[in-house]
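Presented below is the structure to which this report refers.
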Amino acid sequence: MYKILSALLMLSVAYGASAQHNIDTAAIKADDARISQWAATCVVERGWIDIADKGQGYASAGADQNATGPLSSTTPNIVSLGDSGVAVLTFAQPIKNMAGPDFAVFENGFLHPTDSGLAFLELAFVEVSSDGVNYVRFPAYYNGQDTAQVTNFTYVKGQDYVNLAGRYIHGYGTPFDLEELSDSTAVDINNITHVRIVDVIGSLDTAIGSKDALGRMINDPYATVFASGGFDLTGVAVLNATPNAIKPADNDHYITLSPNPVKNTMVIHADKLPAFYYQIVNINGSTVKRGNAESGAAVDVSALPAGVYYCILKYGGSKRSIKFVKQ
Ligand SMILES: [Ca+2]
Ligand SMILES: [Ca+2]
């Protein structure tokens, strides 16, 4: 206990007060109304208690099935991955790329006792596959300091970790948007069958540590010499921002938005459709505007905050989603 308290004191001096709370609007709460399913199966290949001292064996806390089904509402139900450990999860229904984030990964991090801008977090890479063989990793970025090793007593800022699971505390999932992988030919982002979670080896030693998408060392707690070392997976939730699957592009109904990016007024061109219903959804999956329209309709978007949106058009039982940027 003394050790923990002195570590806290040291850290609060080093970091000072943090303005931004660990939990922001992008975090996915475990009871989010958009959650349509949780992982059905989980198989873990445990990593090392300490990758630099393999004689200590593998992490062993928790059981694989602790990561399936909804999050436990009481104590975190974990399975620990250990250094470089891997979890592969499958789902009753394939995950599709819908408007906004498509799934969220939960870990058991916790807040600093007095500074809600800091938290103890353990991070993991996230990869997806459409066949269980070929995986594509979400590009991960670490923007924090890389001079002092983050240890088992260090609290960090979650916003320094981008596209890394575990960036939020227990009960709040890190969102992942398949749209970000739309250029990848190795997976079908409308048919994701497997999600793979890979523990970040937090060591700043370039010989053993994990690197981000730009080749930078990721500073994550190391060494964590326990049976519960490494990323502690608690669950993976699939989000379903809109009730039905969006059909792939339909050549019979060529639809465009202009201008894109847009400042004030956006025109929806859909010459081959007599009429349609449109819905503008923000990156969090919330509908910000909707209505019935015909091709050439001008939609006033001047009041929307700048950012990425999706315009969803529904017609004759079909649906089409087009991304646009509001300036
Ligand atoms: Ca998406
Ligand atoms: Ca780790």
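Residues in the structure tokens are named by chain (A, B, ... in the order shown) and by number from 1 within that chain; ligands are numbered from 1 in the order shown.
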
Counting only C-alpha atoms and all ligand atoms, which residues in chain A sit no more than 6 Å from ligand 2? For each one, give the nearest pair of atoms and the distance in Å, sorted by chain then residue number, as a tab-separated table.
```
residue	atom	partner	partner_atom_place_in_ligand_line	distance
A:Asp83	CA	ligand 2	1 (Ca)	5.2
A:Glu122	CA	ligand 2	1 (Ca)	5.9
A:Asp199	CA	ligand 2	1 (Ca)	5.0
A:Val200	CA	ligand 2	1 (Ca)	4.4
A:Ile201	CA	ligand 2	1 (Ca)	4.4
A:Gly202	CA	ligand 2	1 (Ca)	5.1
A:Asp220	CA	ligand 2	1 (Ca)	5.9
A:Gly230	CA	ligand 2	1 (Ca)	4.0
A:Phe231	CA	ligand 2	1 (Ca)	5.5
```

Take the selection from the previous step and output its residues with C-alpha atoms, as an mmCIF file, in the first residue's frame.
```
data_model
loop_
_atom_site.group_PDB
_atom_site.id
_atom_site.type_symbol
_atom_site.label_atom_id
_atom_site.label_comp_id
_atom_site.auth_asym_id
_atom_site.auth_seq_id
_atom_site.Cartn_x
_atom_site.Cartn_y
_atom_site.Cartn_z
ATOM 1 C CA ASP A 83 2.800 -10.188 -22.735
ATOM 2 C CA GLU A 122 -3.499 -1.870 -20.381
ATOM 3 C CA ASP A 199 -1.610 -7.621 -26.099
ATOM 4 C CA VAL A 200 0.755 -4.673 -26.523
ATOM 5 C CA ILE A 201 4.165 -5.528 -25.062
ATOM 6 C CA GLY A 202 4.648 -2.273 -23.238
ATOM 7 C CA ASP A 220 2.043 0.318 -21.789
ATOM 8 C CA GLY A 230 -1.109 -8.066 -19.753
ATOM 9 C CA PHE A 231 -4.400 -7.014 -21.331
#
```

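Neighbouring residues of ligand 1 at a cut-off of 10 Å, counting only C-alpha atoms and all ligand atoms, are Ile95, Lys96, Asn97, Met98, Ala99, Gly100, Pro101, Asp102, Phe103, Pro175, Phe176, Asp177, Leu178, Glu179, Glu180, Leu181, Ser182, Ile189, Asn190, Leu239, Asn240, Ala241, Ile283, Asn284, Gly285 and Tyr310 of chain A.
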
Restricted to N, CA and C atoms, what would the selected residues look like written as a PDB file, in the first residue's frame?
```pdb
ATOM      1  N   ILE A  95     -20.162  -9.204 -38.313  1.00  0.00           N
ATOM      2  CA  ILE A  95     -20.225  -7.756 -38.055  1.00  0.00           C
ATOM      3  C   ILE A  95     -20.176  -7.032 -39.394  1.00  0.00           C
ATOM      4  N   LYS A  96     -21.078  -6.060 -39.547  1.00  0.00           N
ATOM      5  CA  LYS A  96     -21.120  -5.270 -40.785  1.00  0.00           C
ATOM      6  C   LYS A  96     -20.670  -3.842 -40.503  1.00  0.00           C
ATOM      7  N   ASN A  97     -20.190  -3.186 -41.543  1.00  0.00           N
ATOM      8  CA  ASN A  97     -19.838  -1.780 -41.429  1.00  0.00           C
ATOM      9  C   ASN A  97     -21.097  -0.934 -41.521  1.00  0.00           C
ATOM     10  N   MET A  98     -21.548  -0.428 -40.376  1.00  0.00           N
ATOM     11  CA  MET A  98     -22.721   0.443 -40.327  1.00  0.00           C
ATOM     12  C   MET A  98     -22.235   1.861 -40.092  1.00  0.00           C
ATOM     13  N   ALA A  99     -23.170   2.811 -40.052  1.00  0.00           N
ATOM     14  CA  ALA A  99     -22.791   4.186 -39.742  1.00  0.00           C
ATOM     15  C   ALA A  99     -22.160   4.242 -38.354  1.00  0.00           C
ATOM     16  N   GLY A 100     -21.019   4.892 -38.239  1.00  0.00           N
ATOM     17  CA  GLY A 100     -20.369   5.049 -36.939  1.00  0.00           C
ATOM     18  C   GLY A 100     -19.606   3.806 -36.515  1.00  0.00           C
ATOM     19  N   PRO A 101     -19.263   3.713 -35.198  1.00  0.00           N
ATOM     20  CA  PRO A 101     -18.473   2.575 -34.719  1.00  0.00           C
ATOM     21  C   PRO A 101     -19.259   1.272 -34.846  1.00  0.00           C
ATOM     22  N   ASP A 102     -18.548   0.160 -35.078  1.00  0.00           N
ATOM     23  CA  ASP A 102     -19.218  -1.113 -35.349  1.00  0.00           C
ATOM     24  C   ASP A 102     -19.075  -2.129 -34.214  1.00  0.00           C
ATOM     25  N   PHE A 103     -17.993  -2.011 -33.441  1.00  0.00           N
ATOM     26  CA  PHE A 103     -17.865  -2.877 -32.272  1.00  0.00           C
ATOM     27  C   PHE A 103     -16.985  -2.194 -31.235  1.00  0.00           C
ATOM     28  N   PRO A 175     -14.257   2.057 -29.045  1.00  0.00           N
ATOM     29  CA  PRO A 175     -14.967   1.798 -30.302  1.00  0.00           C
ATOM     30  C   PRO A 175     -14.022   1.585 -31.482  1.00  0.00           C
ATOM     31  N   PHE A 176     -14.457   0.755 -32.420  1.00  0.00           N
ATOM     32  CA  PHE A 176     -13.710   0.535 -33.660  1.00  0.00           C
ATOM     33  C   PHE A 176     -14.680   0.642 -34.830  1.00  0.00           C
ATOM     34  N   ASP A 177     -14.271   1.407 -35.855  1.00  0.00           N
ATOM     35  CA  ASP A 177     -15.121   1.669 -37.019  1.00  0.00           C
ATOM     36  C   ASP A 177     -14.522   0.983 -38.244  1.00  0.00           C
ATOM     37  N   LEU A 178     -15.235  -0.019 -38.756  1.00  0.00           N
ATOM     38  CA  LEU A 178     -14.726  -0.782 -39.906  1.00  0.00           C
ATOM     39  C   LEU A 178     -14.497   0.092 -41.134  1.00  0.00           C
ATOM     40  N   GLU A 179     -15.191   1.233 -41.177  1.00  0.00           N
ATOM     41  CA  GLU A 179     -15.004   2.174 -42.288  1.00  0.00           C
ATOM     42  C   GLU A 179     -13.515   2.501 -42.467  1.00  0.00           C
ATOM     43  N   GLU A 180     -12.769   2.509 -41.366  1.00  0.00           N
ATOM     44  CA  GLU A 180     -11.341   2.850 -41.428  1.00  0.00           C
ATOM     45  C   GLU A 180     -10.537   1.812 -42.201  1.00  0.00           C
ATOM     46  N   LEU A 181     -11.116   0.625 -42.399  1.00  0.00           N
ATOM     47  CA  LEU A 181     -10.403  -0.430 -43.132  1.00  0.00           C
ATOM     48  C   LEU A 181     -10.978  -0.605 -44.536  1.00  0.00           C
ATOM     49  N   SER A 182     -11.769   0.389 -45.009  1.00  0.00           N
ATOM     50  CA  SER A 182     -12.484   0.232 -46.288  1.00  0.00           C
ATOM     51  C   SER A 182     -11.546   0.067 -47.481  1.00  0.00           C
ATOM     52  N   ILE A 189     -15.367  -5.734 -45.086  1.00  0.00           N
ATOM     53  CA  ILE A 189     -15.808  -5.020 -43.884  1.00  0.00           C
ATOM     54  C   ILE A 189     -17.318  -5.153 -43.638  1.00  0.00           C
ATOM     55  N   ASN A 190     -18.031  -5.776 -44.560  1.00  0.00           N
ATOM     56  CA  ASN A 190     -19.441  -6.063 -44.312  1.00  0.00           C
ATOM     57  C   ASN A 190     -19.673  -7.521 -43.937  1.00  0.00           C
ATOM     58  N   LEU A 239     -22.050  -3.226 -32.290  1.00  0.00           N
ATOM     59  CA  LEU A 239     -23.007  -2.120 -32.318  1.00  0.00           C
ATOM     60  C   LEU A 239     -23.813  -2.183 -33.601  1.00  0.00           C
ATOM     61  N   ASN A 240     -25.014  -1.732 -33.513  1.00  0.00           N
ATOM     62  CA  ASN A 240     -25.894  -1.757 -34.670  1.00  0.00           C
ATOM     63  C   ASN A 240     -26.633  -0.439 -34.730  1.00  0.00           C
ATOM     64  N   ALA A 241     -25.969   0.569 -35.332  1.00  0.00           N
ATOM     65  CA  ALA A 241     -26.488   1.926 -35.296  1.00  0.00           C
ATOM     66  C   ALA A 241     -27.828   2.047 -36.006  1.00  0.00           C
ATOM     67  N   ILE A 283     -21.108  10.534 -36.241  1.00  0.00           N
ATOM     68  CA  ILE A 283     -20.111   9.480 -36.066  1.00  0.00           C
ATOM     69  C   ILE A 283     -20.445   8.595 -34.859  1.00  0.00           C
ATOM     70  N   ASN A 284     -21.279   9.116 -33.935  1.00  0.00           N
ATOM     71  CA  ASN A 284     -21.672   8.323 -32.767  1.00  0.00           C
ATOM     72  C   ASN A 284     -22.949   7.514 -33.011  1.00  0.00           C
ATOM     73  N   GLY A 285     -23.478   7.611 -34.258  1.00  0.00           N
ATOM     74  CA  GLY A 285     -24.664   6.840 -34.586  1.00  0.00           C
ATOM     75  C   GLY A 285     -25.975   7.533 -34.258  1.00  0.00           C
ATOM     76  N   TYR A 310     -22.908  10.410 -41.956  1.00  0.00           N
ATOM     77  CA  TYR A 310     -23.381   9.486 -42.977  1.00  0.00           C
ATOM     78  C   TYR A 310     -24.793   9.902 -43.355  1.00  0.00           C
TER      79      TYR A 310
END
```

(message) At a cut-off of 9 Å, using only C-alpha atoms, what residues contact Pro274 (chain A)? Leave out same-chain residues fewer than 5 positions from it and give the result as a VMD selection string.
(response) chain A and resid 294 to 295 315

Would you output that residue set with N, CA and C atoms, as a compact mmCIF listing (two decimals), in the first residue's frame?
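Generated file (part_10.txt):
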```
# COMPACT_ATOMS: atom_id res chain seq x y z
N GLU A 294 -36.91 14.26 -52.71
CA GLU A 294 -36.77 13.76 -54.08
C GLU A 294 -35.40 14.16 -54.57
N SER A 295 -34.98 13.58 -55.70
CA SER A 295 -33.66 13.90 -56.24
C SER A 295 -33.53 15.40 -56.46
N TYR A 315 -35.16 3.48 -49.65
CA TYR A 315 -36.11 3.51 -50.76
C TYR A 315 -36.52 2.09 -51.09
```

(request) Write out as an MDAnalysis selection string the residues lying within 9 Å of region 32-43 of chain A, counting only C-alpha atoms and excluding same-chain residues fewer than 4 positions away. (result) chainID A and resid 28 64:71 86:93 103 235:242 285

Residue subset to file, keeping N, CA and C atoms, as a tab-separated table (two decimals), in the first residue's frame:
```tsv
chain	number	residue	atom	x	y	z
A	28	ILE	N	-17.93	3.64	-25.36
A	28	ILE	CA	-19.17	2.86	-25.49
A	28	ILE	C	-19.49	2.24	-24.13
A	64	ASP	N	-11.21	-18.35	-20.72
A	64	ASP	CA	-11.57	-17.83	-22.04
A	64	ASP	C	-13.01	-17.32	-22.10
A	65	GLN	N	-13.93	-18.12	-21.52
A	65	GLN	CA	-15.35	-17.76	-21.66
A	65	GLN	C	-15.74	-16.51	-20.88
A	66	ASN	N	-14.84	-16.00	-20.02
A	66	ASN	CA	-15.14	-14.74	-19.32
A	66	ASN	C	-15.29	-13.57	-20.29
A	67	ALA	N	-14.72	-13.72	-21.50
A	67	ALA	CA	-14.79	-12.64	-22.48
A	67	ALA	C	-16.02	-12.76	-23.38
A	68	THR	N	-16.83	-13.81	-23.20
A	68	THR	CA	-18.03	-13.94	-24.03
A	68	THR	C	-19.24	-13.39	-23.28
A	69	GLY	N	-20.28	-13.08	-24.04
A	69	GLY	CA	-21.52	-12.58	-23.44
A	69	GLY	C	-21.36	-11.17	-22.90
A	70	PRO	N	-22.47	-10.61	-22.35
A	70	PRO	CA	-22.44	-9.24	-21.82
A	70	PRO	C	-21.46	-9.08	-20.67
A	71	LEU	N	-21.04	-7.84	-20.47
A	71	LEU	CA	-20.12	-7.52	-19.38
A	71	LEU	C	-20.79	-7.81	-18.04
A	86	VAL	N	-2.90	-13.48	-27.13
A	86	VAL	CA	-3.85	-13.25	-28.21
A	86	VAL	C	-5.21	-13.86	-27.85
A	87	ALA	N	-6.29	-13.12	-28.13
A	87	ALA	CA	-7.65	-13.67	-27.98
A	87	ALA	C	-8.34	-13.58	-29.32
A	88	VAL	N	-9.01	-14.66	-29.74
A	88	VAL	CA	-9.79	-14.65	-30.97
A	88	VAL	C	-11.26	-14.86	-30.61
A	89	LEU	N	-12.10	-13.92	-31.06
A	89	LEU	CA	-13.53	-13.98	-30.72
A	89	LEU	C	-14.37	-14.12	-31.98
A	90	THR	N	-15.47	-14.90	-31.84
A	90	THR	CA	-16.41	-15.01	-32.96
A	90	THR	C	-17.80	-14.63	-32.48
A	91	PHE	N	-18.72	-14.48	-33.43
A	91	PHE	CA	-20.03	-13.89	-33.15
A	91	PHE	C	-21.13	-14.70	-33.81
A	92	ALA	N	-22.33	-14.61	-33.25
A	92	ALA	CA	-23.45	-15.34	-33.81
A	92	ALA	C	-23.78	-14.83	-35.21
A	93	GLN	N	-23.64	-13.51	-35.42
A	93	GLN	CA	-23.87	-12.89	-36.73
A	93	GLN	C	-22.61	-12.15	-37.12
A	103	PHE	N	-17.99	-2.01	-33.44
A	103	PHE	CA	-17.86	-2.88	-32.27
A	103	PHE	C	-16.98	-2.19	-31.23
A	235	GLY	N	-14.82	-8.22	-22.55
A	235	GLY	CA	-15.93	-8.44	-23.48
A	235	GLY	C	-15.75	-7.69	-24.78
A	236	VAL	N	-16.49	-8.14	-25.81
A	236	VAL	CA	-16.50	-7.44	-27.10
A	236	VAL	C	-17.96	-7.31	-27.53
A	237	ALA	N	-18.41	-6.07	-27.72
A	237	ALA	CA	-19.81	-5.80	-28.08
A	237	ALA	C	-19.90	-5.35	-29.53
A	238	VAL	N	-20.94	-5.83	-30.23
A	238	VAL	CA	-21.19	-5.38	-31.59
A	238	VAL	C	-22.28	-4.32	-31.56
A	239	LEU	N	-22.05	-3.23	-32.29
A	239	LEU	CA	-23.01	-2.12	-32.32
A	239	LEU	C	-23.81	-2.18	-33.60
A	240	ASN	N	-25.01	-1.73	-33.51
A	240	ASN	CA	-25.89	-1.76	-34.67
A	240	ASN	C	-26.63	-0.44	-34.73
A	241	ALA	N	-25.97	0.57	-35.33
A	241	ALA	CA	-26.49	1.93	-35.30
A	241	ALA	C	-27.83	2.05	-36.01
A	242	THR	N	-28.05	1.25	-37.04
A	242	THR	CA	-29.32	1.28	-37.75
A	242	THR	C	-29.88	-0.14	-37.74
A	285	GLY	N	-23.48	7.61	-34.26
A	285	GLY	CA	-24.66	6.84	-34.59
A	285	GLY	C	-25.98	7.53	-34.26
```

Per-residue nearest contacts of region 15-44 of chain A to region 157-167 of chain A (9 Å; only C-alpha atoms) as JSON lines:
```
{"residue": "A:Ser18", "atom": "CA", "partner": "A:Lys157", "partner_atom": "CA", "distance": 8.2}
{"residue": "A:Gln20", "atom": "CA", "partner": "A:Lys157", "partner_atom": "CA", "distance": 8.4}
{"residue": "A:His21", "atom": "CA", "partner": "A:Lys157", "partner_atom": "CA", "distance": 8.6}
{"residue": "A:Asn22", "atom": "CA", "partner": "A:Gly158", "partner_atom": "CA", "distance": 5.8}
{"residue": "A:Ile23", "atom": "CA", "partner": "A:Gly158", "partner_atom": "CA", "distance": 8.4}
```

(message) Report, in Å with one decimal, the straight-line distance from CA of Glu45 (chain A) to CA of Arg196 (chain A).
(response)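 Value for the CA of Glu45 (chain A)-CA of Arg196 (chain A) distance: 10.8 Å.
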
(request) In Å, rounded to a single decimal, give me how far CA of Ser130 (chain A) is from CA of Val195 (chain A). (result)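 Going from CA of Val195 (chain A) over to CA of Ser130 (chain A) covers 9.2 Å.
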
Identify all residues of region 40-237 of chain A in helix (DSSP H, G or I) (DSSP on the backbone) and supply them as an mmCIF file with N, CA and C atoms, in the first residue's frame.
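Below you can see states-v4.cif, which holds the result:
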```
data_model
loop_
_atom_site.group_PDB
_atom_site.id
_atom_site.type_symbol
_atom_site.label_atom_id
_atom_site.label_comp_id
_atom_site.auth_asym_id
_atom_site.auth_seq_id
_atom_site.Cartn_x
_atom_site.Cartn_y
_atom_site.Cartn_z
ATOM 1 N N LYS A 54 11.107 -15.752 -19.738
ATOM 2 C CA LYS A 54 10.079 -16.733 -20.118
ATOM 3 C C LYS A 54 9.981 -17.907 -19.138
ATOM 4 N N GLY A 55 11.008 -18.063 -18.287
ATOM 5 C CA GLY A 55 10.995 -19.126 -17.285
ATOM 6 C C GLY A 55 9.825 -18.987 -16.319
ATOM 7 N N GLN A 56 9.263 -17.772 -16.214
ATOM 8 C CA GLN A 56 8.124 -17.565 -15.307
ATOM 9 C C GLN A 56 6.820 -18.098 -15.892
ATOM 10 N N ASP A 64 -11.207 -18.353 -20.725
ATOM 11 C CA ASP A 64 -11.566 -17.826 -22.044
ATOM 12 C C ASP A 64 -13.013 -17.325 -22.097
ATOM 13 N N GLN A 65 -13.932 -18.123 -21.522
ATOM 14 C CA GLN A 65 -15.351 -17.763 -21.657
ATOM 15 C C GLN A 65 -15.742 -16.506 -20.882
ATOM 16 N N ASN A 66 -14.839 -16.000 -20.020
ATOM 17 C CA ASN A 66 -15.141 -14.743 -19.315
ATOM 18 C C ASN A 66 -15.289 -13.570 -20.286
ATOM 19 N N ALA A 67 -14.722 -13.725 -21.495
ATOM 20 C CA ALA A 67 -14.794 -12.642 -22.479
ATOM 21 C C ALA A 67 -16.016 -12.759 -23.384
ATOM 22 N N GLY A 158 -5.750 8.397 -21.392
ATOM 23 C CA GLY A 158 -6.312 7.506 -22.409
ATOM 24 C C GLY A 158 -6.254 8.089 -23.809
ATOM 25 N N GLN A 159 -6.371 9.413 -23.914
ATOM 26 C CA GLN A 159 -6.408 10.022 -25.251
ATOM 27 C C GLN A 159 -5.072 9.937 -25.974
ATOM 28 N N ASP A 160 -4.014 9.515 -25.268
ATOM 29 C CA ASP A 160 -2.715 9.315 -25.937
ATOM 30 C C ASP A 160 -2.707 8.034 -26.775
ATOM 31 N N LEU A 178 -15.235 -0.019 -38.756
ATOM 32 C CA LEU A 178 -14.726 -0.782 -39.906
ATOM 33 C C LEU A 178 -14.497 0.092 -41.134
ATOM 34 N N GLU A 179 -15.191 1.233 -41.177
ATOM 35 C CA GLU A 179 -15.004 2.174 -42.288
ATOM 36 C C GLU A 179 -13.515 2.501 -42.467
ATOM 37 N N GLU A 180 -12.769 2.509 -41.366
ATOM 38 C CA GLU A 180 -11.341 2.850 -41.428
ATOM 39 C C GLU A 180 -10.537 1.812 -42.201
ATOM 40 N N LEU A 181 -11.116 0.625 -42.399
ATOM 41 C CA LEU A 181 -10.403 -0.430 -43.132
ATOM 42 C C LEU A 181 -10.978 -0.605 -44.536
#
```

(request) Rank A:Ile49, A:Val325, A:Leu111, A:Ala213 by their smallest atom-to-atom distance to Ser302 (chain A), using only C-alpha atoms, and report the top residue only. (result) A:Val325

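Separating CA of Val126 (chain A) from CA of Val198 (chain A) is a distance of 6.4 Å.
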
(request) Determine, counting only C-alpha atoms, which protein, DNA and RNA residues have an atom within 10 Å of an atom of Ser203 (chain A); residues of the same chain fewer than 4 positions away are not included. Present the result as a list of chain:residue names. (result)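 Listed by chain and then number, they are A:Ile51, A:Ala52, A:Asp83, A:Asp146, A:Gln149, A:Val150, A:Thr151, A:Ala207, A:Ile208, A:Gly209, A:Ser210, A:Lys211, A:Met217, A:Ile218, A:Asn219, A:Asp220, A:Pro221, A:Tyr222, A:Ala223.
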
(request) Could you tell me which of A:Val187, A:Glu107, A:Val44, A:Leu81 comes closest to Ser129 (chain A) if we count only C-alpha atoms? (result) A:Val187

(request) Pull the strand (DSSP E) assignments for region 1-211 of chain A out of DSSP run on the backbone, and list those residues as an NGL selection string. (result) :A and (28-29 or 35-38 or 41-45 or 79-80 or 86-95 or 103-107 or 110-111 or 119-120 or 124-129 or 135-137 or 141-142 or 161-162 or 172-176 or 192-199)

(message) Can you tell me which residues surround Ala186 (chain A) at a distance of at most 9 Å, considering only C-alpha atoms, apart from same-chain residues fewer than 2 positions away, and format the answer as a list in words?
(response)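 After dropping sequence-adjacent residues, the list is Ser129, Ser130, Asn134, Tyr135, Val136, Ser184 and Asp188 of chain A.
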